[in-house]
Structures are given as structure tokens and as C-alpha cells.
$ cat upload-v8.pdb   # PDB, C-alpha atoms
ATOM      1  CA  MET A   1      16.600 -32.065  -5.626
ATOM      2  CA  GLY A   2      12.979 -32.937  -4.845
ATOM      3  CA  THR A   3      13.576 -32.718  -1.099
ATOM      4  CA  ALA A   4      15.464 -29.421  -1.425
ATOM      5  CA  HIS A   5      12.678 -27.854  -3.505
ATOM      6  CA  ARG A   6      10.071 -29.071  -1.050
ATOM      7  CA  LYS A   7      11.934 -27.461   1.849
ATOM      8  CA  VAL A   8      12.193 -24.176  -0.037
ATOM      9  CA  ARG A   9       8.451 -24.241  -0.728
ATOM     10  CA  GLU A  10       7.724 -25.054   2.894
ATOM     11  CA  ARG A  11       9.891 -22.185   4.122
ATOM     12  CA  ARG A  12       8.248 -19.794   1.672
ATOM     13  CA  ALA A  13       4.778 -20.920   2.698
ATOM     14  CA  ARG A  14       5.654 -20.633   6.388
ATOM     15  CA  LYS A  15       6.991 -17.123   5.878
ATOM     16  CA  GLN A  16       3.888 -16.079   3.970
ATOM     17  CA  GLY A  17       1.740 -17.535   6.731
ATOM     18  CA  ILE A  18       3.611 -15.456   9.298
ATOM     19  CA  GLN A  19       3.163 -12.324   7.184
ATOM     20  CA  VAL A  20      -0.593 -12.864   6.802
ATOM     21  CA  ALA A  21      -0.917 -13.533  10.524
ATOM     22  CA  ALA A  22       1.049 -10.387  11.366
ATOM     23  CA  VAL A  23      -1.194  -8.209   9.232
ATOM     24  CA  ARG A  24      -4.281  -9.635  10.927
ATOM     25  CA  VAL A  25      -2.854  -9.096  14.397
ATOM     26  CA  PHE A  26      -1.695  -5.556  13.612
ATOM     27  CA  ALA A  27      -5.180  -4.772  12.274
ATOM     28  CA  GLU A  28      -6.997  -6.230  15.289
ATOM     29  CA  LYS A  29      -4.765  -5.106  18.152
ATOM     30  CA  GLY A  30      -2.815  -2.200  16.699
ATOM     31  CA  PHE A  31       0.932  -2.278  16.144
ATOM     32  CA  SER A  32       1.928  -1.061  19.615
ATOM     33  CA  ARG A  33      -0.194  -3.677  21.450
ATOM     34  CA  ALA A  34       0.597  -6.594  19.150
ATOM     35  CA  THR A  35       3.249  -9.074  20.277
ATOM     36  CA  MET A  36       5.275 -11.764  18.600
ATOM     37  CA  GLU A  37       3.350 -14.266  20.733
ATOM     38  CA  ASP A  38       0.077 -12.993  19.251
ATOM     39  CA  ILE A  39       1.463 -13.385  15.737
ATOM     40  CA  ALA A  40       2.776 -16.866  16.509
ATOM     41  CA  ARG A  41      -0.639 -17.995  17.766
ATOM     42  CA  GLN A  42      -2.355 -16.565  14.699
ATOM     43  CA  ALA A  43       0.160 -18.244  12.381
ATOM     44  CA  GLU A  44       0.058 -21.484  14.397
ATOM     45  CA  VAL A  45       3.835 -21.598  14.742
ATOM     46  CA  SER A  46       6.223 -21.138  17.638
ATOM     47  CA  VAL A  47       7.693 -17.746  18.479
ATOM     48  CA  GLY A  48      11.103 -19.233  17.792
ATOM     49  CA  THR A  49      10.030 -20.036  14.239
ATOM     50  CA  ILE A  50       9.177 -16.383  13.611
ATOM     51  CA  TYR A  51      12.618 -15.342  14.864
ATOM     52  CA  LEU A  52      14.154 -17.550  12.186
ATOM     53  CA  TYR A  53      12.773 -15.048   9.659
ATOM     54  CA  TYR A  54      12.554 -11.741  11.547
ATOM     55  CA  ARG A  55      14.612 -10.159  14.321
ATOM     56  CA  SER A  56      11.672  -8.342  15.909
ATOM     57  CA  LYS A  57       8.087  -7.203  15.457
ATOM     58  CA  GLU A  58       9.432  -3.979  13.969
ATOM     59  CA  ASP A  59      11.616  -5.898  11.517
ATOM     60  CA  LEU A  60       8.590  -7.960  10.449
ATOM     61  CA  TYR A  61       6.460  -4.878   9.841
ATOM     62  CA  VAL A  62       9.178  -2.985   7.963
ATOM     63  CA  SER A  63       9.801  -6.013   5.752
ATOM     64  CA  LEU A  64       6.097  -6.085   4.851
ATOM     65  CA  LEU A  65       6.024  -2.333   4.302
ATOM     66  CA  PHE A  66       9.058  -2.235   2.001
ATOM     67  CA  GLU A  67       7.667  -5.142  -0.005
ATOM     68  CA  SER A  68       4.366  -3.262  -0.439
ATOM     69  CA  MET A  69       6.112  -0.044  -1.443
ATOM     70  CA  GLN A  70       8.341  -1.863  -3.921
ATOM     71  CA  ARG A  71       5.365  -3.565  -5.555
ATOM     72  CA  MET A  72       3.713  -0.204  -6.055
ATOM     73  CA  SER A  73       6.917   1.418  -7.364
ATOM     74  CA  GLU A  74       7.359  -1.268 -10.001
ATOM     75  CA  ALA A  75       3.754  -0.903 -11.167
ATOM     76  CA  ILE A  76       4.022   2.891 -11.477
ATOM     77  CA  GLU A  77       7.328   2.655 -13.362
ATOM     78  CA  LYS A  78       5.755   0.173 -15.771
ATOM     79  CA  ILE A  79       2.910   2.612 -16.424
ATOM     80  CA  MET A  80       5.392   5.445 -17.005
ATOM     81  CA  ALA A  81       7.228   3.314 -19.566
ATOM     82  CA  SER A  82       4.022   2.461 -21.434
ATOM     83  CA  GLY A  83       4.293   5.370 -23.888
ATOM     84  CA  LEU A  84       0.787   6.554 -23.101
ATOM     85  CA  ARG A  85      -0.051  10.252 -22.824
ATOM     86  CA  PRO A  86       0.586  11.583 -19.298
ATOM     87  CA  ASP A  87      -3.116  12.070 -18.537
ATOM     88  CA  ARG A  88      -3.798   8.461 -19.499
ATOM     89  CA  GLN A  89      -0.863   7.350 -17.396
ATOM     90  CA  LEU A  90      -2.382   9.117 -14.405
ATOM     91  CA  ARG A  91      -5.653   7.335 -15.034
ATOM     92  CA  ARG A  92      -3.769   4.034 -15.139
ATOM     93  CA  VAL A  93      -2.140   4.864 -11.802
ATOM     94  CA  TRP A  94      -5.537   5.670 -10.309
ATOM     95  CA  ASP A  95      -6.922   2.380 -11.627
ATOM     96  CA  TYR A  96      -3.904   0.592 -10.182
ATOM     97  CA  PHE A  97      -4.750   1.931  -6.722
ATOM     98  CA  TYR A  98      -8.047   0.050  -6.958
ATOM     99  CA  ASP A  99      -6.433  -3.084  -8.409
ATOM    100  CA  TYR A 100      -3.748  -2.990  -5.712
ATOM    101  CA  HIS A 101      -6.386  -2.859  -2.975
ATOM    102  CA  ALA A 102      -8.363  -5.673  -4.615
ATOM    103  CA  ARG A 103      -5.452  -7.992  -5.469
ATOM    104  CA  TYR A 104      -3.194  -7.326  -2.488
ATOM    105  CA  PRO A 105      -5.465  -6.439   0.450
ATOM    106  CA  GLN A 106      -2.771  -7.433   2.944
ATOM    107  CA  SER A 107      -0.223  -5.121   1.324
ATOM    108  CA  TYR A 108      -2.747  -2.285   1.269
ATOM    109  CA  ARG A 109      -3.407  -2.736   4.980
ATOM    110  CA  VAL A 110       0.320  -2.620   5.684
ATOM    111  CA  LEU A 111       0.517   0.822   4.037
ATOM    112  CA  VAL A 112      -2.462   2.078   6.026
ATOM    113  CA  PHE A 113      -0.899   0.921   9.301
ATOM    114  CA  LEU A 114       1.416   3.931   9.067
ATOM    115  CA  GLN A 115      -1.545   5.910  10.426
ATOM    116  CA  GLN A 116      -1.669   3.852  13.630
ATOM    117  CA  PRO A 117      -0.684   5.675  16.838
ATOM    118  CA  GLY A 118       2.495   4.329  18.397
ATOM    119  CA  LEU A 119       3.835   2.689  15.268
ATOM    120  CA  ILE A 120       6.415   5.317  14.402
ATOM    121  CA  SER A 121       7.722   5.550  17.977
ATOM    122  CA  GLY A 122       8.623   1.860  17.816
ATOM    123  CA  LEU A 123      10.886   2.263  14.782
ATOM    124  CA  ALA A 124      14.552   3.225  14.746
ATOM    125  CA  PRO A 125      15.333   6.702  13.310
ATOM    126  CA  LYS A 126      17.327   5.139  10.461
ATOM    127  CA  THR A 127      14.397   2.870   9.578
ATOM    128  CA  LEU A 128      11.961   5.769   9.722
ATOM    129  CA  GLN A 129      14.198   7.749   7.389
ATOM    130  CA  GLU A 130      14.252   4.865   4.898
ATOM    131  CA  ILE A 131      10.452   4.638   5.028
ATOM    132  CA  ASN A 132      10.203   8.349   4.233
ATOM    133  CA  VAL A 133      12.650   8.006   1.344
ATOM    134  CA  ARG A 134      10.755   5.098  -0.208
ATOM    135  CA  ALA A 135       7.353   6.722   0.260
ATOM    136  CA  ALA A 136       8.622   9.981  -1.212
ATOM    137  CA  ARG A 137       9.927   8.090  -4.234
ATOM    138  CA  ASN A 138       6.494   6.708  -5.053
ATOM    139  CA  PHE A 139       4.895  10.122  -4.675
ATOM    140  CA  SER A 140       7.665  11.609  -6.817
ATOM    141  CA  LEU A 141       7.039   9.113  -9.619
ATOM    142  CA  VAL A 142       3.364  10.033  -9.861
ATOM    143  CA  SER A 143       4.234  13.729  -9.520
ATOM    144  CA  ARG A 144       6.378  13.399 -12.642
ATOM    145  CA  ILE A 145       3.341  12.103 -14.538
ATOM    146  CA  VAL A 146       1.251  15.071 -13.399
ATOM    147  CA  ALA A 147       4.070  17.499 -14.277
ATOM    148  CA  ALA A 148       4.334  15.986 -17.768
ATOM    149  CA  ALA A 149       0.583  16.438 -18.294
ATOM    150  CA  ILE A 150       0.892  20.081 -17.247
ATOM    151  CA  ASP A 151       3.880  20.634 -19.551
ATOM    152  CA  LYS A 152       1.910  19.236 -22.496
ATOM    153  CA  GLY A 153      -0.970  21.589 -21.780
ATOM    154  CA  LEU A 154      -3.346  18.776 -20.821
ATOM    155  CA  TYR A 155      -3.767  20.006 -17.246
ATOM    156  CA  ARG A 156      -3.877  23.527 -15.851
ATOM    157  CA  PRO A 157      -0.857  24.645 -13.801
ATOM    158  CA  HIS A 158      -0.879  23.074 -10.335
ATOM    159  CA  GLU A 159       1.726  21.933  -7.855
ATOM    160  CA  PRO A 160       2.167  18.268  -8.983
ATOM    161  CA  ARG A 161       2.904  16.922  -5.507
ATOM    162  CA  GLU A 162      -0.275  18.494  -4.126
ATOM    163  CA  VAL A 163      -2.287  16.825  -6.880
ATOM    164  CA  VAL A 164      -0.767  13.457  -5.964
ATOM    165  CA  ASP A 165      -1.416  14.058  -2.250
ATOM    166  CA  LEU A 166      -5.057  14.743  -3.074
ATOM    167  CA  LEU A 167      -5.258  11.695  -5.358
ATOM    168  CA  TRP A 168      -3.911   9.268  -2.745
ATOM    169  CA  SER A 169      -5.940  10.848   0.071
ATOM    170  CA  LEU A 170      -9.069  10.576  -2.042
ATOM    171  CA  PHE A 171      -8.490   6.875  -2.615
ATOM    172  CA  LEU A 172      -7.827   6.214   1.079
ATOM    173  CA  GLY A 173     -11.020   8.049   1.946
ATOM    174  CA  LEU A 174     -13.079   6.078  -0.571
ATOM    175  CA  VAL A 175     -11.805   2.769   0.789
ATOM    176  CA  HIS A 176     -12.499   3.887   4.352
ATOM    177  CA  LEU A 177     -16.027   4.991   3.428
ATOM    178  CA  SER A 178     -16.719   1.761   1.537
ATOM    179  CA  GLU A 179     -15.477  -0.449   4.394
ATOM    180  CA  THR A 180     -17.440   1.548   6.978
ATOM    181  CA  ARG A 181     -20.658   1.207   4.998
ATOM    182  CA  LYS A 182     -20.011  -2.493   4.511
ATOM    183  CA  ASN A 183     -19.588  -2.969   8.268
ATOM    184  CA  LEU A 184     -22.865  -1.130   8.857
ATOM    185  CA  GLY A 185     -24.696  -3.144   6.210
ATOM    186  CA  VAL A 186     -25.361  -0.041   4.120
ATOM    187  CA  THR A 187     -25.458  -0.448   0.340
ATOM    188  CA  ILE A 188     -25.317   2.831  -1.568
ATOM    189  CA  ALA A 189     -22.497   2.589  -4.088
ATOM    190  CA  THR A 190     -19.660   0.117  -4.569
ATOM    191  CA  LEU A 191     -16.046   1.119  -4.161
ATOM    192  CA  LYS A 192     -15.569   0.426  -7.864
ATOM    193  CA  ASP A 193     -18.299   2.908  -8.827
ATOM    194  CA  LEU A 194     -17.064   5.562  -6.402
ATOM    195  CA  HIS A 195     -13.515   5.049  -7.628
ATOM    196  CA  ARG A 196     -14.502   5.538 -11.264
ATOM    197  CA  LYS A 197     -16.583   8.667 -10.655
ATOM    198  CA  ALA A 198     -14.111  10.276  -8.263
ATOM    199  CA  PHE A 199     -11.318  10.408 -10.814
ATOM    200  CA  ALA A 200     -13.630  11.843 -13.466
ATOM    201  CA  TRP A 201     -14.639  14.656 -11.119
ATOM    202  CA  LEU A 202     -11.074  15.328 -10.027
ATOM    203  CA  GLU A 203      -9.668  15.304 -13.551
ATOM    204  CA  GLU A 204     -12.362  17.698 -14.704
ATOM    205  CA  GLY A 205     -10.841  20.243 -12.340
ATOM    206  CA  LEU A 206      -7.337  19.539 -13.634
ATOM    207  CA  ARG A 207      -7.959  19.781 -17.357
ATOM    208  CA  VAL A 208      -7.449  22.920 -19.389
TER     209      VAL A 208
END

$ encode --input "upload-v8.pdb" --output "C-alpha cells"
Amino acid sequence: MGTAHRKVRERRARKQGIQVAAVRVFAEKGFSRATMEDIARQAEVSVGTIYLYYRSKEDLYVSLLFESMQRMSEAIEKIMASGLRPDRQLRRVWDYFYDYHARYPQSYRVLVFLQQPGLISGLAPKTLQEINVRAARNFSLVSRIVAAAIDKGLYRPHEPREVVDLLWSLFLGLVHLSETRKNLGVTIATLKDLHRKAFAWLEEGLRV
């Protein structure tokens, strides 16, 4: 039993190492230019070892992406089941965006890679459709929270999906701004401070 458990742990650790290496390579070279050889060198394993876990570079990325999306779905569903008022649920979701970025930086990067040129063209139509379905589900969950807040008279009438689009875009922009300033050595405000203030300003426009 000891040997079997050790092998399972080793396989899990090797797979995680490949995933971390892939994220780094995708970030540095871009998805379209990255190769399995690049990922293997970064992970310090053979290319053949990677193929024991993933059929292709696309399969590796999609596996990471679906895992990231699922983690976020589960967190949002847990917030929705908390029994809190809808406006407080939305605040929890907004706070989770920050926690997600802080606790799972690799997963956050995987989501952002969808913006990279050439990534979508390398995916099969069926895979792309599944990505859209899963992404839409997460947006739909948060939209239901916004709709509930509107129904209870907490927020003024708005199109819930547009509110969620703005919310997610705002967070992406704050992270981008924070990382850019960090790279330039500029210290004005932390991401945490910007994150806190941004929601307060946005919610002020939503409330009745």
C-alpha cells in the first residue's frame, strides 16, 4: 500500500509540475508559439512523459482551463447558497475574484490566456463550443445574483448580464493596471485597495 500511495503522489506531483510549466511557457511565448518541447524543458521531464497525461498542447490547455472554470463555478454556487442578501452575495463574488487571483495565480492566468491571439484557432470547434458553454454558465450564475438584487429593489433596473460583464472587465483591468505598475516600479495603490474602492463606486451606481 505504501508503494502504491507513493506512486500516486508522484504522478500527481509530476502532473502538477507539467501544469505549472505549461502556464509559464504559455505566458512567456504565447499559446501559438509554445511547444510541448518547451513545456517539457520547463517541467524538466521528457516530452513522452507529458503525453502520458495529455494528448496535445491544446488538450493540456483545455484541461487547465476547465479546471479553472470549475473552481470558480463551485465558489460562486457556494456563495449563492449562503443565504445572504443578493447585494451581499455580489460583494462576496467580487471579493472572490481577488482571492482567486491571489490564491490561484496560475488558474487566473489560464483564464486570461483566452485573450491571446492564435489560441482559439488552435482549438477544435467542439472544444470551443464547450468553453463558451462553461464560461456562459459562470456569467449566468452571477447574473442571477444581480437579477435577484434588482427584484428585491436593492439595485435599479439594469440588464444583469451587462452588469456582470462590467464587473469582470473591471477586475481584469485592475489586475492589468496593478501588474503594469509593478513592472515599472511605480507604487500608487495596491490591487487590494483598488479592488475595494472599485466595487464601492460601481455599487453606488447600481443601488436604488

$ residues_around --input "upload-v8.pdb" --residues "stretch 42-53 of chain A" --least-positions-apart "6" --cutoff "9 Å" --atoms "all atoms listed in the file" --output "ChimeraX atom specification"
/A:14-15,17-22,24-25,36,60

$ atom_distance --input "upload-v8.pdb" --atom1 "atom CA of A:Lys78" --atom2 "atom CA of A:Val142"
11.7 Å

$ residues_around --input "upload-v8.pdb" --residues "stretch 102-111 of chain A" --least-positions-apart "2" --cutoff "12 Å" --atoms "all atoms listed in the file" --output "NGL selection string"
:A and (16-17 or 19-28 or 30-31 or 60-72 or 95-100 or 113-116 or 119 or 131 or 134-135 or 168 or 171-172 or 175-176 or 191-192)

$ atom_distance --input "upload-v8.pdb" --atom1 "atom CA of A:Ile188" --atom2 "atom CA of A:Gly173"
15.6 Å

$ closest_residue --input "upload-v8.pdb" --among "A:Leu170, A:Val208, A:Ile145, A:Leu177" --to "A:Ile79" --atoms "all atoms listed in the file"
A:Ile145
